>>> print(open('input-v1.txt').read())   # compact mmCIF, C-alpha atoms and all ligand atoms
# COMPACT_ATOMS: atom_id res chain seq x y z
CA MET A 1 12.26 28.25 14.81
CA SER A 2 11.66 24.92 16.54
CA LEU A 3 8.32 23.21 16.93
CA ALA A 4 6.90 23.01 20.44
CA PRO A 5 5.61 19.72 21.86
CA GLY A 6 2.04 19.17 20.69
CA SER A 7 2.86 20.39 17.17
CA VAL A 8 1.84 18.16 14.28
CA ILE A 9 4.39 16.60 11.93
CA GLY A 10 2.95 15.51 8.60
CA ILE A 11 4.55 12.44 7.05
CA ILE A 12 3.91 11.51 3.43
CA GLY A 13 3.97 7.73 3.06
CA GLY A 14 2.66 5.03 5.36
CA GLY A 15 5.31 2.31 5.50
CA GLN A 16 7.87 1.23 8.08
CA LEU A 17 10.05 4.32 7.69
CA GLY A 18 7.03 6.46 8.55
CA ARG A 19 6.18 4.14 11.43
CA MET A 20 9.60 4.43 13.04
CA SER A 21 9.71 8.19 12.39
CA ALA A 22 6.30 8.52 14.07
CA GLN A 23 7.50 6.54 17.09
CA ALA A 24 10.49 8.86 17.44
CA ALA A 25 8.26 11.93 17.00
CA ALA A 26 5.90 10.73 19.72
CA ARG A 27 8.85 10.36 22.09
CA LEU A 28 9.68 14.05 21.51
CA GLY A 29 6.08 15.06 22.25
CA TYR A 30 4.85 15.58 18.70
CA LEU A 31 1.69 14.35 17.03
CA VAL A 32 2.06 12.69 13.66
CA HIS A 33 -0.40 12.89 10.78
CA VAL A 34 0.31 10.28 8.12
CA PHE A 35 -0.80 10.69 4.51
CA SER A 36 -0.91 7.40 2.62
CA PRO A 37 -3.12 5.57 0.14
CA GLU A 38 -3.20 2.55 2.43
CA ALA A 39 -5.54 2.31 5.46
CA SER A 40 -4.06 1.12 8.80
CA GLY A 41 -0.58 0.61 7.39
CA PRO A 42 2.61 0.43 9.46
CA ALA A 43 2.79 4.21 10.07
CA ALA A 44 -0.93 4.88 10.58
CA GLN A 45 -1.05 2.22 13.33
CA VAL A 46 1.23 4.31 15.55
CA SER A 47 0.22 7.83 14.50
CA ALA A 48 -2.27 10.27 16.04
CA ARG A 49 -3.96 10.97 12.71
CA ALA A 50 -4.07 9.44 9.24
CA THR A 51 -5.40 10.55 5.88
CA VAL A 52 -6.09 7.73 3.47
CA ALA A 53 -5.99 9.16 -0.05
CA ALA A 54 -4.06 8.93 -3.30
CA TYR A 55 -0.84 10.93 -3.67
CA ASP A 56 -2.47 13.01 -6.43
CA ASP A 57 -5.63 13.84 -4.45
CA LEU A 58 -5.04 17.58 -4.17
CA ALA A 59 -8.13 18.25 -2.04
CA ALA A 60 -7.01 15.66 0.53
CA LEU A 61 -3.45 17.02 0.45
CA HIS A 62 -4.81 20.52 1.06
CA ARG A 63 -6.74 19.39 4.16
CA PHE A 64 -3.67 17.48 5.35
CA ALA A 65 -1.43 20.53 4.95
CA GLU A 66 -3.87 22.68 6.92
CA ASP A 67 -3.69 20.24 9.82
CA VAL A 68 0.11 19.98 10.11
CA ASP A 69 2.98 22.32 11.09
CA VAL A 70 5.64 20.80 8.84
CA VAL A 71 5.68 18.18 6.09
CA THR A 72 8.28 15.45 5.63
CA PHE A 73 8.53 12.19 3.72
CA GLU A 74 9.15 8.51 4.00
CA PHE A 75 8.07 8.06 0.39
CA GLU A 76 9.57 10.70 -1.85
CA ASN A 77 8.07 9.95 -5.26
CA LEU A 78 5.24 12.41 -4.89
CA PRO A 79 3.81 13.85 -8.14
CA ALA A 80 5.12 17.38 -8.80
CA PRO A 81 1.72 19.19 -8.50
CA SER A 82 1.15 17.55 -5.09
CA LEU A 83 4.53 18.67 -3.87
CA GLU A 84 4.00 22.21 -5.16
CA LEU A 85 0.68 22.42 -3.32
CA LEU A 86 2.24 21.29 -0.03
CA ALA A 87 5.19 23.66 -0.42
CA ARG A 88 2.82 26.61 -0.92
CA LEU A 89 1.03 25.87 2.34
CA LYS A 90 3.66 24.59 4.82
CA PRO A 91 7.41 24.13 5.25
CA VAL A 92 8.43 20.99 3.36
CA ARG A 93 11.60 19.35 4.69
CA PRO A 94 13.66 18.24 2.85
CA GLY A 95 12.66 20.74 0.16
CA ALA A 96 11.22 20.15 -3.29
CA LYS A 97 14.54 20.68 -5.07
CA ILE A 98 16.18 17.81 -3.17
CA LEU A 99 13.27 15.49 -3.87
CA ALA A 100 13.44 16.32 -7.58
CA ILE A 101 17.17 15.57 -7.68
CA SER A 102 16.86 12.27 -5.85
CA GLN A 103 13.94 11.11 -8.02
CA ASP A 104 15.80 11.31 -11.27
CA ARG A 105 19.11 9.54 -11.83
CA VAL A 106 20.21 12.04 -14.49
CA LEU A 107 19.59 15.07 -12.25
CA GLU A 108 21.13 13.17 -9.33
CA LYS A 109 24.37 12.28 -11.11
CA THR A 110 24.61 15.74 -12.69
CA PHE A 111 24.30 17.31 -9.24
CA LEU A 112 26.81 14.90 -7.69
CA ASN A 113 29.43 15.41 -10.39
CA GLU A 114 29.02 19.20 -10.22
CA ALA A 115 29.56 18.95 -6.46
CA GLY A 116 32.84 17.15 -7.16
CA VAL A 117 31.50 13.76 -6.05
CA ALA A 118 32.59 10.78 -8.13
CA THR A 119 29.97 8.40 -9.55
CA ALA A 120 30.06 5.57 -12.07
CA PRO A 121 30.61 6.97 -15.58
CA TRP A 122 27.15 7.53 -17.04
CA ALA A 123 25.23 8.69 -20.07
CA ARG A 124 21.61 9.54 -20.70
CA VAL A 125 20.23 7.34 -23.48
CA GLU A 126 17.07 8.02 -25.39
CA THR A 127 17.55 5.71 -28.39
CA LEU A 128 19.18 2.36 -29.12
CA ALA A 129 21.83 4.20 -31.16
CA GLU A 130 22.68 6.35 -28.12
CA LEU A 131 22.90 3.20 -26.01
CA GLU A 132 25.30 1.63 -28.50
CA ALA A 133 27.43 4.77 -28.49
CA ALA A 134 27.53 4.83 -24.67
CA VAL A 135 28.48 1.14 -24.52
CA ALA A 136 31.27 1.79 -27.03
CA LYS A 137 32.56 4.43 -24.58
CA PHE A 138 32.24 2.59 -21.23
CA GLY A 139 32.60 -1.02 -22.42
CA LEU A 140 30.81 -4.08 -21.06
CA PRO A 141 29.58 -5.12 -18.61
CA ALA A 142 27.45 -2.03 -17.96
CA VAL A 143 24.21 -1.34 -16.14
CA LEU A 144 21.16 0.11 -17.90
CA LYS A 145 18.62 1.76 -15.58
CA THR A 146 15.39 3.70 -15.72
CA THR A 147 15.98 7.28 -14.63
CA ARG A 148 12.97 7.27 -12.30
CA LEU A 149 11.20 4.94 -9.86
CA GLY A 150 13.84 2.23 -9.54
CA TYR A 151 14.36 0.52 -6.19
CA ASP A 152 15.69 -2.79 -4.86
CA GLY A 153 17.23 -3.60 -8.25
CA LYS A 154 13.96 -3.07 -10.14
CA GLY A 155 14.06 -1.05 -13.35
CA GLN A 156 17.56 -2.08 -14.33
CA ALA A 157 19.43 -4.59 -16.47
CA LEU A 158 22.99 -5.82 -16.45
CA LEU A 159 24.40 -5.79 -19.96
CA ARG A 160 27.00 -8.52 -20.34
CA GLY A 161 27.32 -8.93 -24.11
CA PRO A 162 26.35 -6.95 -27.24
CA GLU A 163 23.27 -9.17 -27.68
CA ASP A 164 21.85 -7.84 -24.37
CA LEU A 165 21.52 -4.24 -25.57
CA ALA A 166 18.37 -4.30 -27.72
CA PRO A 167 16.20 -6.52 -25.44
CA ALA A 168 17.13 -4.52 -22.32
CA PHE A 169 16.49 -1.25 -24.11
CA GLU A 170 13.05 -2.47 -25.23
CA ARG A 171 12.11 -3.82 -21.80
CA LEU A 172 12.94 -0.84 -19.60
CA HIS A 173 10.38 1.96 -19.32
CA PRO A 174 9.89 4.87 -19.29
CA LYS A 175 12.59 6.36 -21.52
CA PRO A 176 15.00 8.09 -21.32
CA LEU A 177 17.25 5.55 -19.61
CA ILE A 178 20.69 5.94 -18.11
CA LEU A 179 23.68 3.74 -18.86
CA GLU A 180 26.25 3.36 -16.11
CA GLY A 181 29.69 1.91 -16.52
CA PHE A 182 30.13 -1.15 -14.31
CA VAL A 183 31.78 -0.35 -10.99
CA ASP A 184 34.05 -3.16 -9.89
CA PHE A 185 33.24 -2.78 -6.22
CA GLY A 186 34.46 -4.73 -3.23
CA ALA A 187 31.68 -3.55 -0.92
CA GLU A 188 28.63 -1.35 -0.70
CA LEU A 189 28.75 1.34 1.95
CA SER A 190 26.31 3.98 3.13
CA VAL A 191 26.30 7.02 5.35
CA MET A 192 23.30 8.67 7.00
CA VAL A 193 23.75 12.41 7.28
CA ALA A 194 21.45 15.04 8.79
CA ARG A 195 21.45 18.81 8.48
CA GLY A 196 19.45 21.11 10.73
CA VAL A 197 17.64 24.37 10.00
CA ASN A 198 20.69 26.30 11.24
CA GLY A 199 23.04 24.45 8.91
CA GLU A 200 24.68 22.14 11.44
CA VAL A 201 25.61 18.77 9.91
CA VAL A 202 25.93 15.46 11.75
CA SER A 203 26.70 12.06 10.24
CA PHE A 204 26.48 8.52 11.52
CA ASP A 205 29.45 6.21 11.03
CA PRO A 206 29.71 4.61 7.57
CA VAL A 207 28.33 1.09 7.38
CA GLU A 208 28.63 -1.86 5.03
CA ASN A 209 25.52 -3.23 3.36
CA ARG A 210 25.13 -6.77 2.05
CA HIS A 211 22.27 -7.64 -0.27
CA LYS A 212 20.43 -10.85 -1.12
CA HIS A 213 18.36 -10.97 -4.32
CA HIS A 214 18.86 -7.18 -4.67
CA ILE A 215 17.30 -6.52 -1.25
CA LEU A 216 19.29 -5.32 1.75
CA ASP A 217 20.00 -8.30 4.01
CA LEU A 218 22.64 -7.19 6.51
CA THR A 219 24.16 -3.92 7.68
CA LEU A 220 27.47 -3.95 9.55
CA ALA A 221 28.21 -0.94 11.74
CA PRO A 222 30.84 0.34 11.51
CA ALA A 223 31.94 -0.75 8.02
CA PRO A 224 35.01 -2.92 8.63
CA TYR A 225 37.47 -0.94 6.46
CA GLN A 226 40.45 1.34 6.95
CA PRO A 227 39.89 4.71 8.63
CA GLU A 228 40.89 6.61 5.45
CA ILE A 229 38.11 4.88 3.51
CA LEU A 230 35.55 5.68 6.19
CA ALA A 231 36.75 9.27 6.35
CA GLU A 232 36.34 9.63 2.58
CA ALA A 233 32.80 8.19 2.74
CA THR A 234 31.88 10.56 5.57
CA ALA A 235 33.34 13.59 3.81
CA LEU A 236 31.37 12.83 0.63
CA ALA A 237 28.09 12.47 2.52
CA ARG A 238 28.60 15.72 4.41
CA ARG A 239 29.54 17.58 1.26
CA ILE A 240 26.36 16.35 -0.45
CA ALA A 241 24.18 17.45 2.49
CA GLU A 242 25.79 20.88 2.49
CA ARG A 243 25.58 21.41 -1.27
CA LEU A 244 21.91 20.40 -1.23
CA GLU A 245 21.26 22.74 1.70
CA LEU A 246 19.44 19.77 3.17
CA VAL A 247 17.07 20.19 6.08
CA GLY A 248 16.34 16.68 7.22
CA LEU A 249 18.01 13.32 6.83
CA LEU A 250 19.69 11.80 3.81
CA GLY A 251 21.03 8.34 3.03
CA VAL A 252 24.04 8.21 0.71
CA GLU A 253 24.70 4.84 -0.94
CA MET A 254 28.22 4.23 -2.17
CA PHE A 255 30.43 1.64 -3.80
CA LEU A 256 33.87 0.95 -2.39
CA ARG A 257 35.94 0.31 -5.49
CA ALA A 258 38.66 -2.28 -5.72
CA ASP A 259 41.24 0.59 -5.68
CA GLY A 260 40.05 1.72 -2.22
CA HIS A 261 38.16 4.80 -3.40
CA VAL A 262 34.50 5.49 -2.90
CA VAL A 263 31.97 6.51 -5.56
CA VAL A 264 28.39 7.47 -4.87
CA ASN A 265 25.59 5.33 -6.31
CA GLU A 266 22.50 7.16 -5.13
CA ILE A 267 21.00 9.39 -2.46
CA ALA A 268 17.71 9.02 -0.59
CA PRO A 269 16.40 12.12 1.26
CA ARG A 270 14.75 10.25 4.14
CA PRO A 271 15.48 7.61 6.76
CA HIS A 272 17.03 4.57 5.13
CA ASN A 273 17.02 0.84 5.73
CA SER A 274 20.79 0.91 6.17
CA GLY A 275 20.34 3.27 9.13
CA HIS A 276 18.12 0.98 11.21
CA TRP A 277 21.07 -0.15 13.35
CA THR A 278 21.19 3.38 14.83
CA MET A 279 17.90 2.79 16.65
CA ASP A 280 19.67 0.65 19.23
CA ALA A 281 23.36 1.49 18.84
CA CYS A 282 23.10 5.30 19.11
CA PRO A 283 21.62 7.52 21.83
CA CYS A 284 19.90 9.48 19.05
CA GLY A 285 19.08 7.16 16.15
CA GLN A 286 18.29 8.10 12.56
CA PHE A 287 14.55 8.49 13.13
CA GLU A 288 14.96 10.88 16.04
CA MET A 289 17.62 12.75 14.05
CA HIS A 290 15.18 13.01 11.13
CA ILE A 291 12.40 14.38 13.34
CA ARG A 292 14.77 16.77 15.14
CA ALA A 293 15.99 18.17 11.82
CA VAL A 294 12.51 18.70 10.36
CA ALA A 295 11.18 20.12 13.66
CA GLY A 296 14.04 22.60 13.90
CA LEU A 297 15.45 21.09 17.10
CA PRO A 298 19.18 21.01 17.85
CA LEU A 299 21.02 17.99 16.43
CA PRO A 300 23.10 16.04 18.93
CA PRO A 301 26.28 14.37 17.66
CA ALA A 302 25.48 11.11 15.84
CA THR A 303 27.44 9.16 18.43
CA ARG A 304 27.54 5.39 18.39
CA HIS A 305 27.92 3.56 21.71
CA ALA A 306 28.15 0.03 20.29
CA ASP A 307 29.03 -1.92 17.18
CA ALA A 308 25.96 -3.43 15.56
CA VAL A 309 24.59 -5.75 12.94
CA MET A 310 21.14 -5.21 11.47
CA LYS A 311 19.36 -8.06 9.74
CA ASN A 312 16.25 -7.50 7.68
CA LEU A 313 13.33 -9.87 8.10
CA ILE A 314 12.02 -10.48 4.61
CA GLY A 315 8.90 -12.36 3.57
CA PRO A 316 7.28 -15.48 5.05
CA ALA A 317 10.49 -17.47 5.62
CA ASP A 318 12.07 -14.89 7.96
CA MET A 319 8.78 -14.15 9.71
CA ALA A 320 8.27 -17.84 10.45
CA THR A 321 11.17 -17.45 12.91
CA TRP A 322 9.59 -14.49 14.78
CA PRO A 323 8.69 -16.54 17.92
CA GLN A 324 12.28 -17.83 18.09
CA ILE A 325 13.65 -14.32 17.56
CA LEU A 326 11.65 -13.16 20.57
CA ALA A 327 13.05 -16.06 22.58
CA THR A 328 16.68 -15.34 21.67
CA PRO A 329 18.50 -13.08 24.11
CA GLY A 330 20.46 -10.30 22.44
CA LEU A 331 18.31 -9.94 19.33
CA ILE A 332 16.47 -6.62 19.43
CA PRO A 333 13.25 -7.07 17.45
CA HIS A 334 11.44 -4.47 15.34
CA HIS A 335 8.11 -5.49 13.78
CA TYR A 336 6.57 -3.29 11.09
CA GLY A 337 2.93 -4.21 11.70
CA LYS A 338 2.40 -5.81 8.30
CA TRP A 339 0.02 -8.75 8.47
CA GLU A 340 0.75 -10.37 5.15
CA ALA A 341 4.25 -11.74 4.65
CA ARG A 342 4.61 -11.66 0.88
CA GLU A 343 7.80 -12.90 -0.78
CA GLY A 344 10.44 -10.13 -0.82
CA ARG A 345 8.44 -7.84 1.52
CA LYS A 346 10.30 -6.10 4.34
CA MET A 347 8.46 -7.24 7.49
CA GLY A 348 10.80 -6.15 10.26
CA HIS A 349 14.42 -6.25 11.34
CA VAL A 350 16.57 -7.29 14.26
CA ASN A 351 19.55 -5.46 15.67
CA ARG A 352 22.35 -7.15 17.55
CA LEU A 353 24.81 -5.04 19.53
CA PHE A 354 28.47 -5.75 20.30
CA HIS A 355 30.96 -3.93 22.47
CA LYS A 356 32.52 -1.05 20.60
CA GLY A 357 35.40 -2.39 18.52
CA ALA A 358 34.20 -5.98 18.89
CA LEU A 359 32.19 -6.44 15.69
CA PRO A 360 32.87 -10.10 14.87
CA GLY A 361 33.90 -11.49 11.48
CA GLU A 362 31.82 -13.51 9.04
CA PHE A 363 31.22 -16.59 11.19
CA GLY A 364 30.80 -14.64 14.39
CA ILE A 365 28.06 -12.55 12.82
CA GLU A 366 26.29 -15.62 11.57
CA ALA A 367 26.45 -17.16 15.03
CA ALA A 368 25.28 -13.96 16.70
CA LEU A 369 22.20 -13.82 14.51
CA ARG A 370 21.25 -17.48 14.93
CA VAL A 371 17.87 -17.85 16.58
CA ARG A 372 17.22 -20.15 19.51
CA GLU A 373 15.60 -23.41 18.35
CA GLY A 374 12.21 -24.65 19.59
P1 LIG B 1 20.46 0.78 -7.50
O1 LIG B 1 19.05 0.53 -7.91
O2 LIG B 1 21.12 1.88 -8.27
O3 LIG B 1 20.59 0.96 -6.01
O4 LIG B 1 21.28 -0.55 -7.83
C1 LIG B 1 20.98 -1.78 -7.22
C2 LIG B 1 22.21 -2.66 -7.13
O5 LIG B 1 22.73 -2.97 -8.42
C3 LIG B 1 23.35 -2.00 -6.39
O6 LIG B 1 23.20 -2.17 -5.01
C4 LIG B 1 24.56 -2.73 -6.97
O7 LIG B 1 24.71 -3.99 -6.34
C5 LIG B 1 24.16 -2.96 -8.41
N1 LIG B 1 24.64 -1.85 -9.27
C6 LIG B 1 23.95 -0.72 -9.54
N2 LIG B 1 24.67 0.11 -10.33
C7 LIG B 1 25.86 -0.50 -10.56
C8 LIG B 1 27.04 -0.15 -11.31
N3 LIG B 1 27.13 0.99 -12.01
N4 LIG B 1 28.07 -1.02 -11.29
C9 LIG B 1 28.00 -2.19 -10.61
N5 LIG B 1 26.91 -2.58 -9.90
C10 LIG B 1 25.84 -1.75 -9.87
>>> encode(input="input-v1.txt", output="C-alpha cells")
Amino acid sequence: MSLAPGSVIGIIGGGQLGRMSAQAAARLGYLVHVFSPEASGPAAQVSARATVAAYDDLAALHRFAEDVDVVTFEFENLPAPSLELLARLKPVRPGAKILAISQDRVLEKTFLNEAGVATAPWARVETLAELEAAVAKFGLPAVLKTTRLGYDGKGQALLRGPEDLAPAFERLHPKPLILEGFVDFGAELSVMVARGVNGEVVSFDPVENRHKHHILDLTLAPAPYQPEILAEATALARRIAERLELVGLLGVEMFLRADGHVVVNEIAPRPHNSGHWTMDACPCGQFEMHIRAVAGLPLPPATRHADAVMKNLIGPADMATWPQILATPGLIPHHYGKWEAREGRKMGHVNRLFHKGALPGEFGIEAALRVREG
C-alpha cells in the first residue's frame, strides 16, 4: 500500500541526510517528522515537525510513532529497545534485521559471505592471542576495527608490523574487534540500490569515491572503469538488496582490487554521501528514491542523464569559499544549514555536471571544480 500525500514520514536522525530526504518528501507531498537529540538541526529546519529527544527516550519515541505513518532512518545506530518499540507501532523501513546487520561488522560480513559476496578475509578477535592467530593467518599489513560504531576511519587501526598489535588491541573499544586482511585496492567504488515494497530493485550507476583524511572528498559518476567491473559492482549491490529483502535505500561500499575484482567493504541502509551526485544528475535522485521506497510508491529506473562530480565541503576552509562557489557558474551548491564549521565536519557539497560520456580526467575535474576568484 502506498502513502497518500499528506501522510507523515518519520525520520530518525537530524543531519544532512535527513534534511535532503525531507526536501524530497516535501516535493512528493508528504510531511516529515524528524526525531533527533539536536534542536533546529539540518533536517528539523526543513521538516514540518521535530521531536528533540534522546534516542533512548522511549516515551518520546512512542509519541513520535503515534504521529507518523512510517519510520525510516538517516542515522541507523538506534539502541535495540528503541527500535523494537518503533517496530511494534509502525512499519519500519528498512527493517530491524537490516539495521542489526549493518551495525555490526561481524554480522555484516557473515551475511555477505553467506550471500556469496566476497569481502576482505576477516576474523572476530576477542583476545590478543586471537589477534595474533588471525595475523598469522592473513599476514601484515592488516586492519583492526571495532565491530560497532565505526565511521570515517574512526575505530580502526592499520597494523603494519608485529609491534603494532598490542597497542592497537588495547586502544580499540569495545571488544570484540574484527581483523581484516589488507585489501590491495586500486579504487573505492559504491553503488546505491533501492528496493520497493513489491520487490522491484533499481540501482544507480557505480561511482568512484576518493577520500581525504578518511573523509569522502570526491565522487566520480560514473566510475571510470571497464563495463565488466561496473557490471560486477551492480550485480553485487542488487544481490545484497534482494537477500536482505530491503525496503528502502542501501549504499554498498566496495574495493576494486588490483586484479579487477570487486569486494564489499560495508553496507549502509540509508542515503549515502556517495549518492549525492544523483540529486542533480538523475531525474529521480537517491533521496526521492529513498522516500518512494519507504512510502510504497513505484520506483522509476535510476536513470542518469549526465556525468557528474560531487565534492564535499568540509570544515571552515571549504566553507570560506562559499561566496565564490555561489558566484561560479556550473557549480550546483547544497548547504546543510550547519552554522558552525568545525574541522572535519560535512557542511555541504557541490555537484558539477558534464555531458554524458564526457567526465573529464584528473586535471579536467580539478579545473571544473575551481571556484571563481574575488
Ligand atoms: P571503513 O570504516 O570500513 O569504511 O574503512 C575506512 C577506510 O579504511 C576505507 O575507506 C579504506 O580506505 C580503508 N580500509 C578499510 N578496510 C580496509 C581493508 N581491509 N584493506 C585496506 N583498506 C581498508
>>> closest_atom_pairs(input="input-v1.txt", of="chain A", to="ligand LIG 1 (chain B)", cutoff="9 Å", atoms="all atoms listed in the file", output="Markdown table")
| residue | atom | partner | partner_atom | distance |
| --- | --- | --- | --- | --- |
| A:Arg105 | CA | B:LIG1 | O2 | 8.7 |
| A:Thr119 | CA | B:LIG1 | N3 | 8.3 |
| A:Ala120 | CA | B:LIG1 | N3 | 5.4 |
| A:Pro121 | CA | B:LIG1 | N3 | 7.8 |
| A:Trp122 | CA | B:LIG1 | N3 | 8.3 |
| A:Pro141 | CA | B:LIG1 | N4 | 8.5 |
| A:Ala142 | CA | B:LIG1 | N3 | 6.7 |
| A:Val143 | CA | B:LIG1 | N3 | 5.6 |
| A:Leu144 | CA | B:LIG1 | N2 | 8.3 |
| A:Lys145 | CA | B:LIG1 | O2 | 7.7 |
| A:Gly150 | CA | B:LIG1 | O1 | 5.7 |
| A:Tyr151 | CA | B:LIG1 | O1 | 5.0 |
| A:Asp152 | CA | B:LIG1 | O1 | 5.6 |
| A:Gly153 | CA | B:LIG1 | C1 | 4.3 |
| A:Lys154 | CA | B:LIG1 | O1 | 6.6 |
| A:Gly155 | CA | B:LIG1 | O1 | 7.5 |
| A:Gln156 | CA | B:LIG1 | O1 | 7.1 |
| A:Ala157 | CA | B:LIG1 | O5 | 8.8 |
| A:Leu158 | CA | B:LIG1 | C10 | 8.2 |
| A:Leu179 | CA | B:LIG1 | N3 | 8.1 |
| A:Glu180 | CA | B:LIG1 | N3 | 4.8 |
| A:Gly181 | CA | B:LIG1 | N3 | 5.3 |
| A:Phe182 | CA | B:LIG1 | N4 | 3.7 |
| A:Val183 | CA | B:LIG1 | N4 | 3.8 |
| A:Asp184 | CA | B:LIG1 | C9 | 6.2 |
| A:Phe185 | CA | B:LIG1 | C9 | 6.9 |
| A:Ala187 | CA | B:LIG1 | O7 | 8.8 |
| A:Glu188 | CA | B:LIG1 | O6 | 7.0 |
| A:Asn209 | CA | B:LIG1 | O6 | 8.8 |
| A:Arg210 | CA | B:LIG1 | O6 | 8.6 |
| A:His211 | CA | B:LIG1 | O6 | 7.3 |
| A:His214 | CA | B:LIG1 | C2 | 6.1 |
| A:Ile215 | CA | B:LIG1 | O6 | 8.2 |
| A:Leu216 | CA | B:LIG1 | O6 | 8.4 |
| A:Glu253 | CA | B:LIG1 | O3 | 7.6 |
| A:Met254 | CA | B:LIG1 | O6 | 8.6 |
| A:Phe255 | CA | B:LIG1 | C4 | 8.0 |
| A:Asn265 | CA | B:LIG1 | O2 | 6.0 |
| A:Glu266 | CA | B:LIG1 | O2 | 6.3 |
>>> closest_residue(input="input-v1.txt", among="A:Thr147, A:Ser21, A:Ser274, A:Gln324", to="Asp205 in chain A", atoms="only C-alpha atoms")
A:Ser274
>>> atom_distance(input="input-v1.txt", atom1="CA of Arg88 in chain A", atom2="CA of Asp56 in chain A")
15.6 Å
>>> closest_residue(input="input-v1.txt", among="A:His261, A:His62, A:His290, A:His276", to="His349 in chain A", atoms="only C-alpha atoms")
A:His276
>>> closest_residue(input="input-v1.txt", among="A:Val34, A:Ala136, A:Leu230, A:Arg370", to="Leu326 in chain A", atoms="all atoms listed in the file")
A:Arg370
>>> residues_around(input="input-v1.txt", residues="range 362-368 of chain A", least_positions_apart="6", cutoff="9 Å", atoms="only C-alpha atoms", output="MDAnalysis selection string")
chainID A and resid 309 330:331 352
>>> residues_around(input="input-v1.txt", residues="Ala115 in chain A", least_positions_apart="4", cutoff="9 Å", atoms="all atoms listed in the file", output="VMD selection string")
chain A and resid 110 to 111 239 to 240 243
>>> write_last_selection(input="input-v1.txt", atoms="C-alpha atoms", output="short mmCIF file (atom, residue, chain, number, x, y, z; two decimals), in the frame of the given file")
data_model
loop_
_atom_site.label_atom_id
_atom_site.label_comp_id
_atom_site.auth_asym_id
_atom_site.auth_seq_id
_atom_site.Cartn_x
_atom_site.Cartn_y
_atom_site.Cartn_z
CA THR A 110 24.61 15.74 -12.69
CA PHE A 111 24.30 17.31 -9.24
CA ARG A 239 29.54 17.58 1.26
CA ILE A 240 26.36 16.35 -0.45
CA ARG A 243 25.58 21.41 -1.27
#
>>> atom_distance(input="input-v1.txt", atom1="CA of Ala308 in chain A", atom2="CA of Val252 in chain A")
19.0 Å
>>> closest_residue(input="input-v1.txt", among="A:Gln23, A:Thr51, A:Gln103, A:Gln286", to="Ser36 in chain A", atoms="all atoms listed in the file")
A:Thr51
>>> atom_distance(input="input-v1.txt", atom1="CA of Leu250 in chain A", atom2="CA of Val202 in chain A")
10.7 Å
>>> closest_residue(input="input-v1.txt", among="A:His305, A:His33, A:Arg93, A:Arg160", to="Phe64 in chain A", atoms="all atoms listed in the file")
A:His33
>>> closest_residue(input="input-v1.txt", among="A:Pro162, A:Gly275, A:Gly116, A:Pro94", to="Leu218 in chain A", atoms="only C-alpha atoms")
A:Gly275
>>> residues_near_point(input="input-v1.txt", point="(19.7, 22.5, 8.5)", cutoff="9 Å", atoms="all atoms listed in the file", output="PyMOL selection string")
chain A and resi 194-201+242+245-248+293-294+296
>>> residues_around(input="input-v1.txt", residues="Glu126 in chain A", least_positions_apart="2", cutoff="12 Å", atoms="only C-alpha atoms", output="VMD selection string")
chain A and resid 123 to 124 128 to 134 144 to 147 169 to 170 172 to 179
